[in-house]
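Okay, model25.pdb now, which holds PDB, C-alpha atoms, pLDDT in the B column:
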```pdb
ATOM      1  CA  MET A   1     -25.807   8.520  -6.370  1.00 74.00           C
ATOM      2  CA  THR A   2     -23.759   7.820  -3.235  1.00 88.00           C
ATOM      3  CA  ALA A   3     -22.127   4.378  -3.151  1.00 94.00           C
ATOM      4  CA  VAL A   4     -21.703   2.196  -0.064  1.00 97.00           C
ATOM      5  CA  LEU A   5     -19.485  -0.886  -0.133  1.00 97.00           C
ATOM      6  CA  VAL A   6     -20.958  -3.779   1.849  1.00 98.00           C
ATOM      7  CA  ILE A   7     -18.545  -6.519   2.925  1.00 97.00           C
ATOM      8  CA  ALA A   8     -20.718  -9.295   4.314  1.00 96.00           C
ATOM      9  CA  ALA A   9     -22.210 -12.754   3.812  1.00 94.00           C
ATOM     10  CA  SER A  10     -25.237 -13.857   1.854  1.00 93.00           C
ATOM     11  CA  ASP A  11     -28.249 -15.211   3.736  1.00 89.00           C
ATOM     12  CA  SER A  12     -30.507 -17.575   1.817  1.00 87.00           C
ATOM     13  CA  SER A  13     -33.481 -16.673   4.019  1.00 83.00           C
ATOM     14  CA  GLY A  14     -33.218 -13.018   3.035  1.00 81.00           C
ATOM     15  CA  GLY A  15     -33.623 -11.995   6.664  1.00 80.00           C
ATOM     16  CA  ALA A  16     -30.130 -10.678   7.255  1.00 85.00           C
ATOM     17  CA  GLY A  17     -26.769 -10.241   5.592  1.00 89.00           C
ATOM     18  CA  LEU A  18     -26.335  -8.734   2.157  1.00 93.00           C
ATOM     19  CA  THR A  19     -30.017  -8.955   1.262  1.00 91.00           C
ATOM     20  CA  ARG A  20     -31.036  -6.862   4.256  1.00 93.00           C
ATOM     21  CA  ASP A  21     -28.173  -4.423   3.664  1.00 95.00           C
ATOM     22  CA  VAL A  22     -29.220  -3.822   0.052  1.00 95.00           C
ATOM     23  CA  GLN A  23     -32.846  -3.235   1.056  1.00 93.00           C
ATOM     24  CA  VAL A  24     -31.876  -0.646   3.652  1.00 95.00           C
ATOM     25  CA  LEU A  25     -29.326   1.177   1.512  1.00 96.00           C
ATOM     26  CA  ALA A  26     -31.776   1.338  -1.384  1.00 95.00           C
ATOM     27  CA  HIS A  27     -34.322   2.910   0.974  1.00 94.00           C
ATOM     28  CA  PHE A  28     -31.831   5.702   1.645  1.00 96.00           C
ATOM     29  CA  GLY A  29     -31.039   6.183  -2.035  1.00 95.00           C
ATOM     30  CA  CYS A  30     -27.567   4.630  -2.005  1.00 96.00           C
ATOM     31  CA  GLU A  31     -25.960   2.511  -4.683  1.00 95.00           C
ATOM     32  CA  VAL A  32     -24.601  -0.743  -3.277  1.00 96.00           C
ATOM     33  CA  LEU A  33     -21.235  -2.269  -4.080  1.00 96.00           C
ATOM     34  CA  CYS A  34     -20.562  -5.641  -2.509  1.00 95.00           C
ATOM     35  CA  ALA A  35     -17.816  -8.050  -1.548  1.00 96.00           C
ATOM     36  CA  VAL A  36     -19.196 -11.427  -0.443  1.00 97.00           C
ATOM     37  CA  THR A  37     -17.320 -12.948   2.505  1.00 96.00           C
ATOM     38  CA  ALA A  38     -19.329 -16.168   2.795  1.00 94.00           C
ATOM     39  CA  ILE A  39     -22.294 -18.018   1.367  1.00 94.00           C
ATOM     40  CA  THR A  40     -24.655 -19.240   4.070  1.00 91.00           C
ATOM     41  CA  ALA A  41     -27.704 -21.473   4.078  1.00 90.00           C
ATOM     42  CA  GLN A  42     -30.065 -20.172   6.770  1.00 84.00           C
ATOM     43  CA  THR A  43     -33.659 -20.244   7.857  1.00 81.00           C
ATOM     44  CA  ASN A  44     -35.171 -18.169  10.634  1.00 77.00           C
ATOM     45  CA  GLU A  45     -34.427 -21.064  12.985  1.00 77.00           C
ATOM     46  CA  GLN A  46     -30.921 -22.251  12.101  1.00 84.00           C
ATOM     47  CA  VAL A  47     -27.758 -21.997  10.029  1.00 86.00           C
ATOM     48  CA  THR A  48     -27.350 -25.200   8.021  1.00 86.00           C
ATOM     49  CA  ALA A  49     -24.230 -24.499   5.956  1.00 90.00           C
ATOM     50  CA  ILE A  50     -21.438 -21.926   5.609  1.00 91.00           C
ATOM     51  CA  HIS A  51     -18.937 -21.645   2.767  1.00 94.00           C
ATOM     52  CA  LEU A  52     -16.240 -19.004   3.241  1.00 95.00           C
ATOM     53  CA  VAL A  53     -15.189 -17.241   0.059  1.00 96.00           C
ATOM     54  CA  PRO A  54     -11.457 -17.823  -0.598  1.00 96.00           C
ATOM     55  CA  VAL A  55      -9.351 -14.890   0.560  1.00 96.00           C
ATOM     56  CA  PRO A  56      -7.903 -14.064  -2.910  1.00 96.00           C
ATOM     57  CA  VAL A  57     -11.420 -13.859  -4.354  1.00 97.00           C
ATOM     58  CA  LEU A  58     -12.612 -11.649  -1.492  1.00 97.00           C
ATOM     59  CA  SER A  59      -9.611  -9.325  -1.857  1.00 96.00           C
ATOM     60  CA  ALA A  60     -10.248  -9.098  -5.596  1.00 96.00           C
ATOM     61  CA  GLN A  61     -13.892  -8.145  -4.978  1.00 96.00           C
ATOM     62  CA  ILE A  62     -12.882  -5.305  -2.668  1.00 96.00           C
ATOM     63  CA  GLY A  63     -10.250  -4.058  -5.103  1.00 95.00           C
ATOM     64  CA  ALA A  64     -12.733  -4.125  -7.970  1.00 95.00           C
ATOM     65  CA  ALA A  65     -15.321  -2.199  -5.947  1.00 94.00           C
ATOM     66  CA  PHE A  66     -12.877   0.620  -5.257  1.00 93.00           C
ATOM     67  CA  ALA A  67     -11.648   0.620  -8.855  1.00 92.00           C
ATOM     68  CA  GLY A  68     -15.183   1.058 -10.178  1.00 77.00           C
ATOM     69  CA  ARG A  69     -16.224   4.268  -8.449  1.00 85.00           C
ATOM     70  CA  ARG A  70     -15.881   6.481  -5.392  1.00 92.00           C
ATOM     71  CA  VAL A  71     -17.024   4.769  -2.208  1.00 96.00           C
ATOM     72  CA  GLY A  72     -18.761   7.014   0.334  1.00 96.00           C
ATOM     73  CA  ALA A  73     -18.777   4.542   3.229  1.00 97.00           C
ATOM     74  CA  ILE A  74     -18.105   0.902   4.041  1.00 98.00           C
ATOM     75  CA  LYS A  75     -20.354  -1.425   6.030  1.00 98.00           C
ATOM     76  CA  ILE A  76     -18.893  -4.712   7.286  1.00 97.00           C
ATOM     77  CA  GLY A  77     -20.944  -7.630   8.570  1.00 95.00           C
ATOM     78  CA  MET A  78     -20.101 -11.332   8.869  1.00 94.00           C
ATOM     79  CA  LEU A  79     -16.450 -12.173   8.260  1.00 96.00           C
ATOM     80  CA  GLY A  80     -16.232 -15.794   9.406  1.00 93.00           C
ATOM     81  CA  SER A  81     -12.527 -16.363   9.995  1.00 95.00           C
ATOM     82  CA  ALA A  82      -9.294 -14.733  11.096  1.00 96.00           C
ATOM     83  CA  ALA A  83      -7.937 -15.003   7.554  1.00 96.00           C
ATOM     84  CA  THR A  84     -10.964 -13.126   6.230  1.00 97.00           C
ATOM     85  CA  VAL A  85     -10.633 -10.437   8.909  1.00 97.00           C
ATOM     86  CA  ARG A  86      -6.981  -9.903   7.979  1.00 96.00           C
ATOM     87  CA  ALA A  87      -7.687  -9.832   4.245  1.00 96.00           C
ATOM     88  CA  VAL A  88     -10.400  -7.220   4.703  1.00 96.00           C
ATOM     89  CA  THR A  89      -8.240  -5.119   7.019  1.00 96.00           C
ATOM     90  CA  GLN A  90      -5.368  -5.103   4.529  1.00 95.00           C
ATOM     91  CA  ALA A  91      -7.663  -4.113   1.651  1.00 94.00           C
ATOM     92  CA  LEU A  92      -9.297  -1.147   3.399  1.00 92.00           C
ATOM     93  CA  PRO A  93      -8.384   2.522   3.015  1.00 89.00           C
ATOM     94  CA  PRO A  94      -7.756   4.518   6.228  1.00 89.00           C
ATOM     95  CA  ARG A  95     -10.932   5.441   8.104  1.00 87.00           C
ATOM     96  CA  ASP A  96     -10.213   9.159   7.706  1.00 88.00           C
ATOM     97  CA  ILE A  97     -10.614   8.660   3.943  1.00 93.00           C
ATOM     98  CA  VAL A  98     -13.688   6.382   3.904  1.00 96.00           C
ATOM     99  CA  PRO A  99     -15.807   5.901   7.068  1.00 97.00           C
ATOM    100  CA  LEU A 100     -16.268   2.275   8.098  1.00 97.00           C
ATOM    101  CA  VAL A 101     -19.194   0.879  10.102  1.00 98.00           C
ATOM    102  CA  LEU A 102     -18.489  -2.542  11.620  1.00 98.00           C
ATOM    103  CA  ASP A 103     -21.362  -4.733  12.797  1.00 96.00           C
ATOM    104  CA  PRO A 104     -19.446  -7.489  14.645  1.00 95.00           C
ATOM    105  CA  VAL A 105     -21.405 -10.575  13.591  1.00 91.00           C
ATOM    106  CA  LEU A 106     -20.153 -13.212  16.020  1.00 90.00           C
ATOM    107  CA  ALA A 107     -23.098 -15.619  16.293  1.00 81.00           C
ATOM    108  CA  ALA A 108     -26.457 -16.205  14.631  1.00 74.00           C
ATOM    109  CA  SER A 109     -29.718 -15.684  16.495  1.00 68.00           C
ATOM    110  CA  SER A 110     -29.984 -19.489  16.576  1.00 66.00           C
ATOM    111  CA  GLY A 111     -26.635 -19.716  18.371  1.00 68.00           C
ATOM    112  CA  ALA A 112     -24.412 -20.849  15.488  1.00 75.00           C
ATOM    113  CA  VAL A 113     -20.873 -19.445  15.730  1.00 82.00           C
ATOM    114  CA  LEU A 114     -20.163 -17.089  12.814  1.00 89.00           C
ATOM    115  CA  LEU A 115     -16.718 -15.893  13.927  1.00 92.00           C
ATOM    116  CA  ASP A 116     -14.506 -18.210  15.973  1.00 89.00           C
ATOM    117  CA  ALA A 117     -12.046 -17.263  18.731  1.00 90.00           C
ATOM    118  CA  PRO A 118      -9.058 -16.596  16.401  1.00 94.00           C
ATOM    119  CA  GLY A 119     -11.337 -14.486  14.245  1.00 94.00           C
ATOM    120  CA  ARG A 120     -12.481 -12.477  17.256  1.00 93.00           C
ATOM    121  CA  GLU A 121      -8.864 -11.860  18.232  1.00 94.00           C
ATOM    122  CA  ALA A 122      -8.040 -10.615  14.729  1.00 95.00           C
ATOM    123  CA  LEU A 123     -11.133  -8.425  14.783  1.00 96.00           C
ATOM    124  CA  ARG A 124     -10.244  -6.985  18.174  1.00 94.00           C
ATOM    125  CA  TYR A 125      -6.612  -6.159  17.527  1.00 94.00           C
ATOM    126  CA  GLU A 126      -6.410  -5.617  13.758  1.00 95.00           C
ATOM    127  CA  LEU A 127      -9.773  -4.396  12.427  1.00 96.00           C
ATOM    128  CA  LEU A 128     -11.150  -2.358  15.339  1.00 96.00           C
ATOM    129  CA  PRO A 129      -8.343   0.237  15.109  1.00 95.00           C
ATOM    130  CA  ARG A 130      -9.366   0.805  11.464  1.00 95.00           C
ATOM    131  CA  THR A 131     -13.055   1.220  12.312  1.00 97.00           C
ATOM    132  CA  THR A 132     -15.032   4.465  12.413  1.00 97.00           C
ATOM    133  CA  LEU A 133     -18.037   3.036  14.272  1.00 98.00           C
ATOM    134  CA  LEU A 134     -18.450  -0.326  16.017  1.00 98.00           C
ATOM    135  CA  THR A 135     -22.095  -1.403  16.542  1.00 97.00           C
ATOM    136  CA  PRO A 136     -22.220  -4.441  18.878  1.00 96.00           C
ATOM    137  CA  ASN A 137     -25.212  -5.679  20.817  1.00 93.00           C
ATOM    138  CA  LEU A 138     -24.799  -6.581  24.485  1.00 93.00           C
ATOM    139  CA  PRO A 139     -23.782 -10.256  23.936  1.00 92.00           C
ATOM    140  CA  GLU A 140     -21.304  -9.255  21.222  1.00 93.00           C
ATOM    141  CA  ALA A 141     -19.760  -6.577  23.424  1.00 95.00           C
ATOM    142  CA  ALA A 142     -19.346  -9.118  26.215  1.00 93.00           C
ATOM    143  CA  LEU A 143     -17.634 -11.608  23.882  1.00 92.00           C
ATOM    144  CA  LEU A 144     -15.253  -8.969  22.558  1.00 94.00           C
ATOM    145  CA  LEU A 145     -14.335  -7.903  26.085  1.00 94.00           C
ATOM    146  CA  GLY A 146     -14.278 -11.371  27.671  1.00 92.00           C
ATOM    147  CA  GLU A 147     -16.915 -10.303  30.196  1.00 91.00           C
ATOM    148  CA  LYS A 148     -20.515 -11.072  31.079  1.00 92.00           C
ATOM    149  CA  PRO A 149     -23.213  -9.081  29.257  1.00 90.00           C
ATOM    150  CA  ALA A 150     -24.028  -5.760  30.888  1.00 91.00           C
ATOM    151  CA  THR A 151     -27.277  -5.662  32.863  1.00 88.00           C
ATOM    152  CA  THR A 152     -27.385  -2.019  33.974  1.00 89.00           C
ATOM    153  CA  LEU A 153     -27.009   1.240  32.071  1.00 89.00           C
ATOM    154  CA  ALA A 154     -23.860   2.010  34.058  1.00 92.00           C
ATOM    155  CA  GLU A 155     -22.345  -1.310  32.944  1.00 93.00           C
ATOM    156  CA  VAL A 156     -23.339  -0.659  29.341  1.00 93.00           C
ATOM    157  CA  GLN A 157     -21.614   2.712  29.447  1.00 94.00           C
ATOM    158  CA  ARG A 158     -18.471   1.191  30.974  1.00 95.00           C
ATOM    159  CA  GLN A 159     -18.333  -1.571  28.364  1.00 96.00           C
ATOM    160  CA  ALA A 160     -18.844   0.960  25.568  1.00 96.00           C
ATOM    161  CA  ARG A 161     -15.844   2.898  26.886  1.00 97.00           C
ATOM    162  CA  ALA A 162     -13.817  -0.316  27.176  1.00 96.00           C
ATOM    163  CA  LEU A 163     -14.553  -1.126  23.530  1.00 97.00           C
ATOM    164  CA  LEU A 164     -13.594   2.412  22.545  1.00 97.00           C
ATOM    165  CA  ASP A 165     -10.211   1.800  24.167  1.00 96.00           C
ATOM    166  CA  LEU A 166      -9.630  -1.021  21.646  1.00 96.00           C
ATOM    167  CA  GLY A 167      -9.279   1.503  18.851  1.00 96.00           C
ATOM    168  CA  PRO A 168     -12.501   2.356  16.991  1.00 97.00           C
ATOM    169  CA  ALA A 169     -13.248   6.051  16.644  1.00 97.00           C
ATOM    170  CA  ALA A 170     -16.730   5.494  18.104  1.00 97.00           C
ATOM    171  CA  VAL A 171     -18.886   2.750  19.612  1.00 98.00           C
ATOM    172  CA  LEU A 172     -22.675   2.408  19.502  1.00 97.00           C
ATOM    173  CA  LEU A 173     -23.516  -0.264  22.076  1.00 96.00           C
ATOM    174  CA  LYS A 174     -27.066  -1.381  21.373  1.00 91.00           C
ATOM    175  CA  GLY A 175     -29.552  -2.035  24.153  1.00 81.00           C
ATOM    176  CA  GLY A 176     -32.004  -4.239  22.287  1.00 62.00           C
ATOM    177  CA  HIS A 177     -31.104  -7.287  24.394  1.00 55.00           C
ATOM    178  CA  ALA A 178     -31.744  -5.432  27.652  1.00 53.00           C
ATOM    179  CA  SER A 179     -35.078  -5.175  29.418  1.00 54.00           C
ATOM    180  CA  GLY A 180     -37.397  -2.307  30.218  1.00 57.00           C
ATOM    181  CA  GLU A 181     -39.899  -0.193  28.349  1.00 63.00           C
ATOM    182  CA  THR A 182     -37.185   1.866  26.645  1.00 69.00           C
ATOM    183  CA  ALA A 183     -34.457   0.528  24.360  1.00 75.00           C
ATOM    184  CA  VAL A 184     -31.357   2.613  25.073  1.00 87.00           C
ATOM    185  CA  ASP A 185     -28.280   2.581  22.841  1.00 91.00           C
ATOM    186  CA  VAL A 186     -25.074   4.145  24.168  1.00 94.00           C
ATOM    187  CA  LEU A 187     -22.925   6.135  21.726  1.00 96.00           C
ATOM    188  CA  VAL A 188     -19.393   7.044  22.812  1.00 97.00           C
ATOM    189  CA  PHE A 189     -16.806   8.932  20.777  1.00 94.00           C
ATOM    190  CA  GLY A 190     -13.856  10.829  22.192  1.00 90.00           C
ATOM    191  CA  ALA A 191     -14.942  12.249  25.531  1.00 88.00           C
ATOM    192  CA  SER A 192     -18.589  12.392  24.462  1.00 90.00           C
ATOM    193  CA  LEU A 193     -21.414  10.072  25.477  1.00 94.00           C
ATOM    194  CA  ARG A 194     -24.950  10.181  24.089  1.00 92.00           C
ATOM    195  CA  LEU A 195     -27.971   8.053  24.841  1.00 92.00           C
ATOM    196  CA  LEU A 196     -30.261   7.138  21.946  1.00 88.00           C
ATOM    197  CA  ASP A 197     -33.572   5.852  23.230  1.00 82.00           C
ATOM    198  CA  ALA A 198     -36.872   4.710  21.824  1.00 69.00           C
ATOM    199  CA  ALA A 199     -39.904   2.891  23.171  1.00 66.00           C
ATOM    200  CA  ARG A 200     -39.129  -0.815  23.097  1.00 62.00           C
ATOM    201  CA  VAL A 201     -41.001  -2.788  20.437  1.00 65.00           C
ATOM    202  CA  ALA A 202     -42.288  -6.066  21.878  1.00 62.00           C
ATOM    203  CA  ARG A 203     -40.984  -8.341  19.118  1.00 62.00           C
ATOM    204  CA  THR A 204     -37.768  -9.768  17.750  1.00 67.00           C
ATOM    205  CA  GLN A 205     -36.633  -9.679  14.142  1.00 70.00           C
ATOM    206  CA  ARG A 206     -33.583 -11.110  12.403  1.00 73.00           C
ATOM    207  CA  GLY A 207     -31.421  -8.615  10.598  1.00 82.00           C
ATOM    208  CA  THR A 208     -31.891  -5.619  12.885  1.00 87.00           C
ATOM    209  CA  GLY A 209     -28.130  -5.305  13.410  1.00 91.00           C
ATOM    210  CA  CYS A 210     -27.527  -5.377   9.661  1.00 93.00           C
ATOM    211  CA  ALA A 211     -30.277  -2.816   9.101  1.00 93.00           C
ATOM    212  CA  LEU A 212     -28.980  -0.419  11.750  1.00 95.00           C
ATOM    213  CA  ALA A 213     -25.374  -0.523  10.553  1.00 96.00           C
ATOM    214  CA  SER A 214     -26.438  -0.070   6.926  1.00 97.00           C
ATOM    215  CA  ALA A 215     -28.696   2.884   7.760  1.00 96.00           C
ATOM    216  CA  ILE A 216     -25.829   4.528   9.625  1.00 97.00           C
ATOM    217  CA  ALA A 217     -23.418   3.854   6.763  1.00 97.00           C
ATOM    218  CA  ALA A 218     -25.912   5.490   4.382  1.00 97.00           C
ATOM    219  CA  GLY A 219     -25.982   8.589   6.551  1.00 97.00           C
ATOM    220  CA  LEU A 220     -22.193   8.801   6.761  1.00 97.00           C
ATOM    221  CA  ALA A 221     -21.858   8.315   3.007  1.00 97.00           C
ATOM    222  CA  GLN A 222     -24.298  11.180   2.477  1.00 96.00           C
ATOM    223  CA  GLY A 223     -22.339  13.494   4.764  1.00 96.00           C
ATOM    224  CA  LEU A 224     -24.253  13.309   8.039  1.00 97.00           C
ATOM    225  CA  PRO A 225     -22.271  13.804  11.247  1.00 96.00           C
ATOM    226  CA  LEU A 226     -21.729  10.568  13.175  1.00 96.00           C
ATOM    227  CA  ALA A 227     -24.295  11.206  15.914  1.00 95.00           C
ATOM    228  CA  ASP A 228     -26.945  12.260  13.371  1.00 96.00           C
ATOM    229  CA  ALA A 229     -26.278   9.145  11.284  1.00 97.00           C
ATOM    230  CA  CYS A 230     -26.712   6.979  14.400  1.00 96.00           C
ATOM    231  CA  GLU A 231     -29.981   8.687  15.268  1.00 95.00           C
ATOM    232  CA  GLN A 232     -31.169   8.152  11.686  1.00 95.00           C
ATOM    233  CA  GLY A 233     -30.363   4.463  11.972  1.00 94.00           C
ATOM    234  CA  LYS A 234     -32.159   4.159  15.296  1.00 91.00           C
ATOM    235  CA  ARG A 235     -35.292   5.824  13.890  1.00 91.00           C
ATOM    236  CA  TYR A 236     -35.256   3.609  10.818  1.00 93.00           C
ATOM    237  CA  VAL A 237     -34.973   0.320  12.726  1.00 90.00           C
ATOM    238  CA  THR A 238     -37.591   1.350  15.284  1.00 87.00           C
ATOM    239  CA  ALA A 239     -40.052   2.285  12.526  1.00 86.00           C
ATOM    240  CA  TRP A 240     -39.312  -0.965  10.677  1.00 83.00           C
ATOM    241  CA  LEU A 241     -40.002  -3.069  13.769  1.00 81.00           C
ATOM    242  CA  ARG A 242     -43.268  -1.236  14.374  1.00 79.00           C
ATOM    243  CA  ARG A 243     -44.367  -1.838  10.778  1.00 74.00           C
ATOM    244  CA  GLU A 244     -43.681  -5.561  11.209  1.00 57.00           C
ATOM    245  CA  GLU A 245     -45.749  -5.882  14.387  1.00 45.00           C
TER     246      GLU A 245
END
```
Please render this file's structure as C-alpha cells.
Amino acid sequence: MTAVLVIAASDSSGGAGLTRDVQVLAHFGCEVLCAVTAITAQTNEQVTAIHLVPVPVLSAQIGAAFAGRRVGAIKIGMLGSAATVRAVTQALPPRDIVPLVLDPVLAASSGAVLLDAPGREALRYELLPRTTLLTPNLPEAALLLGEKPATTLAEVQRQARALLDLGPAAVLLKGGHASGETAVDVLVFGASLRLLDAARVARTQRGTGCALASAIAAGLAQGLPLADACEQGKRYVTAWLRREE
C-alpha cells in the first residue's frame, strides 16, 4: 500500500486537519503516516486553543516516519510558526525524491491566524522552494504576495505565476472564493497553464483545502502525473461537496 506522510495539525471538530486528511487518503487506498505540528481546539465557528508541538518532537516524528517505510508523497497543512516551518523544511528530502504538496494554512475560516507574519516569511522563502505543488486559495495567495485578492481570471493567472516565481515547481490557485457559476482553479507549472473548472456548488464546507491537497498527494504517491493528480483532486472535492448538499 502506498504511504503518504501528512504533516499537519489536529482539529478537535474533525472538520479539517489530520482527521480530514486521513479520511481522504483512506478513500484513495493510501496508508497514512503523520507528524503532528499542533493540537487545536476548534468548532465549526471558532478556534479556541492552539498548542504547538515542540520542534524537537516534531522533527523526531518526521524522522520516525521516514525510518519506518518508503514515503510516496508528503502533504503539509498547518504549521503555526516560523520555527515549525524551518524544522519541517530541514527534515524534508528533496522534492525530486518525494513529491510535496503544500496547503498553506494561514487562517481559519473563522478568521483566527494560524501562521503569523514571521511564519509566512519562512514559508515563502524557505519552504516554497522545496515544494512540488502549492495549493493556496485566493485570500492565501494574496497574503503570500502582499497583494489584494484577485477578482478576475486574468488576475488569478498573474498571481499564480507570481507564486511560481517564489520557487515551487507548480501552483494550483483555487477559485473557490471567487464568484460565478463555475469554480475555476488555475494550474501553472513551467511554461504551462491549465484551467480546472467545475460547476460551483452553492455551499461552504470546512476542510476542502485539506481534502484537495490530500487527494492530489494520493495521486502523486500512486504515480499520476501532476496535472492528472490535480484533476483527480478537483473531481473528488466537487463530488464530496455535492454529496453534502
Could you list, as a CSV table (one decimal) with C-alpha atoms, in the frame of the given file, every residue matched by the PyMOL selection byres ((chain A and resi 36) around 12) in this structure?
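The new file out32.csv reads:
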```csv
chain,number,residue,atom,x,y,z
A,5,LEU,CA,-19.5,-0.9,-0.1
A,6,VAL,CA,-21.0,-3.8,1.8
A,7,ILE,CA,-18.5,-6.5,2.9
A,8,ALA,CA,-20.7,-9.3,4.3
A,9,ALA,CA,-22.2,-12.8,3.8
A,10,SER,CA,-25.2,-13.9,1.9
A,11,ASP,CA,-28.2,-15.2,3.7
A,17,GLY,CA,-26.8,-10.2,5.6
A,18,LEU,CA,-26.3,-8.7,2.2
A,19,THR,CA,-30.0,-9.0,1.3
A,33,LEU,CA,-21.2,-2.3,-4.1
A,34,CYS,CA,-20.6,-5.6,-2.5
A,35,ALA,CA,-17.8,-8.0,-1.5
A,37,THR,CA,-17.3,-12.9,2.5
A,38,ALA,CA,-19.3,-16.2,2.8
A,39,ILE,CA,-22.3,-18.0,1.4
A,40,THR,CA,-24.7,-19.2,4.1
A,51,HIS,CA,-18.9,-21.6,2.8
A,52,LEU,CA,-16.2,-19.0,3.2
A,53,VAL,CA,-15.2,-17.2,0.1
A,54,PRO,CA,-11.5,-17.8,-0.6
A,55,VAL,CA,-9.4,-14.9,0.6
A,56,PRO,CA,-7.9,-14.1,-2.9
A,57,VAL,CA,-11.4,-13.9,-4.4
A,58,LEU,CA,-12.6,-11.6,-1.5
A,59,SER,CA,-9.6,-9.3,-1.9
A,60,ALA,CA,-10.2,-9.1,-5.6
A,61,GLN,CA,-13.9,-8.1,-5.0
A,62,ILE,CA,-12.9,-5.3,-2.7
A,65,ALA,CA,-15.3,-2.2,-5.9
A,75,LYS,CA,-20.4,-1.4,6.0
A,76,ILE,CA,-18.9,-4.7,7.3
A,77,GLY,CA,-20.9,-7.6,8.6
A,78,MET,CA,-20.1,-11.3,8.9
A,79,LEU,CA,-16.4,-12.2,8.3
A,80,GLY,CA,-16.2,-15.8,9.4
A,84,THR,CA,-11.0,-13.1,6.2
A,88,VAL,CA,-10.4,-7.2,4.7
```
* Could you write out as JSON, numbers by chain the residues that the PyMOL selection byres ((chain A and resi 185-193) around 10) matches in the shown file? -> {"A": [132, 133, 134, 135, 137, 138, 153, 156, 157, 158, 159, 160, 161, 163, 164, 165, 168, 169, 170, 171, 172, 173, 174, 175, 176, 178, 182, 183, 184, 194, 195, 196, 197, 198, 226, 227, 230, 231, 234]}
Put those residues in a file: C-alpha atoms, as a PDB file, in the frame of the given file.
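Output contents, as saved in out_37.pdb:
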```pdb
ATOM      1  CA  THR A 132     -15.032   4.465  12.413  1.00 97.00           C
ATOM      2  CA  LEU A 133     -18.037   3.036  14.272  1.00 98.00           C
ATOM      3  CA  LEU A 134     -18.450  -0.326  16.017  1.00 98.00           C
ATOM      4  CA  THR A 135     -22.095  -1.403  16.542  1.00 97.00           C
ATOM      5  CA  ASN A 137     -25.212  -5.679  20.817  1.00 93.00           C
ATOM      6  CA  LEU A 138     -24.799  -6.581  24.485  1.00 93.00           C
ATOM      7  CA  LEU A 153     -27.009   1.240  32.071  1.00 89.00           C
ATOM      8  CA  VAL A 156     -23.339  -0.659  29.341  1.00 93.00           C
ATOM      9  CA  GLN A 157     -21.614   2.712  29.447  1.00 94.00           C
ATOM     10  CA  ARG A 158     -18.471   1.191  30.974  1.00 95.00           C
ATOM     11  CA  GLN A 159     -18.333  -1.571  28.364  1.00 96.00           C
ATOM     12  CA  ALA A 160     -18.844   0.960  25.568  1.00 96.00           C
ATOM     13  CA  ARG A 161     -15.844   2.898  26.886  1.00 97.00           C
ATOM     14  CA  LEU A 163     -14.553  -1.126  23.530  1.00 97.00           C
ATOM     15  CA  LEU A 164     -13.594   2.412  22.545  1.00 97.00           C
ATOM     16  CA  ASP A 165     -10.211   1.800  24.167  1.00 96.00           C
ATOM     17  CA  PRO A 168     -12.501   2.356  16.991  1.00 97.00           C
ATOM     18  CA  ALA A 169     -13.248   6.051  16.644  1.00 97.00           C
ATOM     19  CA  ALA A 170     -16.730   5.494  18.104  1.00 97.00           C
ATOM     20  CA  VAL A 171     -18.886   2.750  19.612  1.00 98.00           C
ATOM     21  CA  LEU A 172     -22.675   2.408  19.502  1.00 97.00           C
ATOM     22  CA  LEU A 173     -23.516  -0.264  22.076  1.00 96.00           C
ATOM     23  CA  LYS A 174     -27.066  -1.381  21.373  1.00 91.00           C
ATOM     24  CA  GLY A 175     -29.552  -2.035  24.153  1.00 81.00           C
ATOM     25  CA  GLY A 176     -32.004  -4.239  22.287  1.00 62.00           C
ATOM     26  CA  ALA A 178     -31.744  -5.432  27.652  1.00 53.00           C
ATOM     27  CA  THR A 182     -37.185   1.866  26.645  1.00 69.00           C
ATOM     28  CA  ALA A 183     -34.457   0.528  24.360  1.00 75.00           C
ATOM     29  CA  VAL A 184     -31.357   2.613  25.073  1.00 87.00           C
ATOM     30  CA  ARG A 194     -24.950  10.181  24.089  1.00 92.00           C
ATOM     31  CA  LEU A 195     -27.971   8.053  24.841  1.00 92.00           C
ATOM     32  CA  LEU A 196     -30.261   7.138  21.946  1.00 88.00           C
ATOM     33  CA  ASP A 197     -33.572   5.852  23.230  1.00 82.00           C
ATOM     34  CA  ALA A 198     -36.872   4.710  21.824  1.00 69.00           C
ATOM     35  CA  LEU A 226     -21.729  10.568  13.175  1.00 96.00           C
ATOM     36  CA  ALA A 227     -24.295  11.206  15.914  1.00 95.00           C
ATOM     37  CA  CYS A 230     -26.712   6.979  14.400  1.00 96.00           C
ATOM     38  CA  GLU A 231     -29.981   8.687  15.268  1.00 95.00           C
ATOM     39  CA  LYS A 234     -32.159   4.159  15.296  1.00 91.00           C
TER      40      LYS A 234
END
```
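Selection check: the PyMOL selection byres ((chain A and resi 203-216) around 6) on the shown file gives Gly15, Ala16, Asp21, Val201, Ala202, Ala217, Ala218, Gly219, Ala229, Cys230 and Gly233 of chain A.
Pairwise distance (atom CA of Ala67 of chain A, atom CA of Glu126 of chain A) equals 24.0 Å.
Counting from atom CA of Ser13 of chain A, the distance to atom CA of Thr43 of chain A is 5.2 Å.
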* Got a sec to check which residues sit within 9 Å of (-31.1, -19.5, 11.8), counting only C-alpha atoms, and write them as a PyMOL selection string? -> chain A and resi 13+41-48+108-112+206
* To do: Could you jot down the atom CA of Pro104 of chain A to atom CA of Arg20 of chain A separation for me, Å, one decimal place?
  => 15.6 Å
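Minimum distance to Val4 of chain A across A:Ala239, A:Ala117, A:Pro94, A:Phe66 (counting only C-alpha atoms) occurs at A:Phe66.
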* To do: List every protein, DNA or RNA residue that has an atom no more than 12 Å from (-15.1, -12.3, 19.4) in the file's coordinate frame, counting all atoms listed in the file, and report them as an MDAnalysis selection string.
  => chainID A and resid 78:82 85 103:107 113:125 127:128 136 139:147 163
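Ranking A:Ala83, A:His27, A:Leu220, A:Thr152 by their shortest atom-to-atom distance to Ile97 of chain A, with only C-alpha atoms included, puts A:Leu220 first.
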* Find the residue from A:Ile50, A:Val71, A:Arg130, A:Ala64 that sits nearest to Gln90 of chain A; use all atoms listed in the file when measuring. => A:Arg130
* Asked: Which one of A:Arg69, A:Thr131, A:Ala221, A:Gly29 sits closest to Pro93 of chain A if you count all atoms listed in the file?
  -> A:Thr131
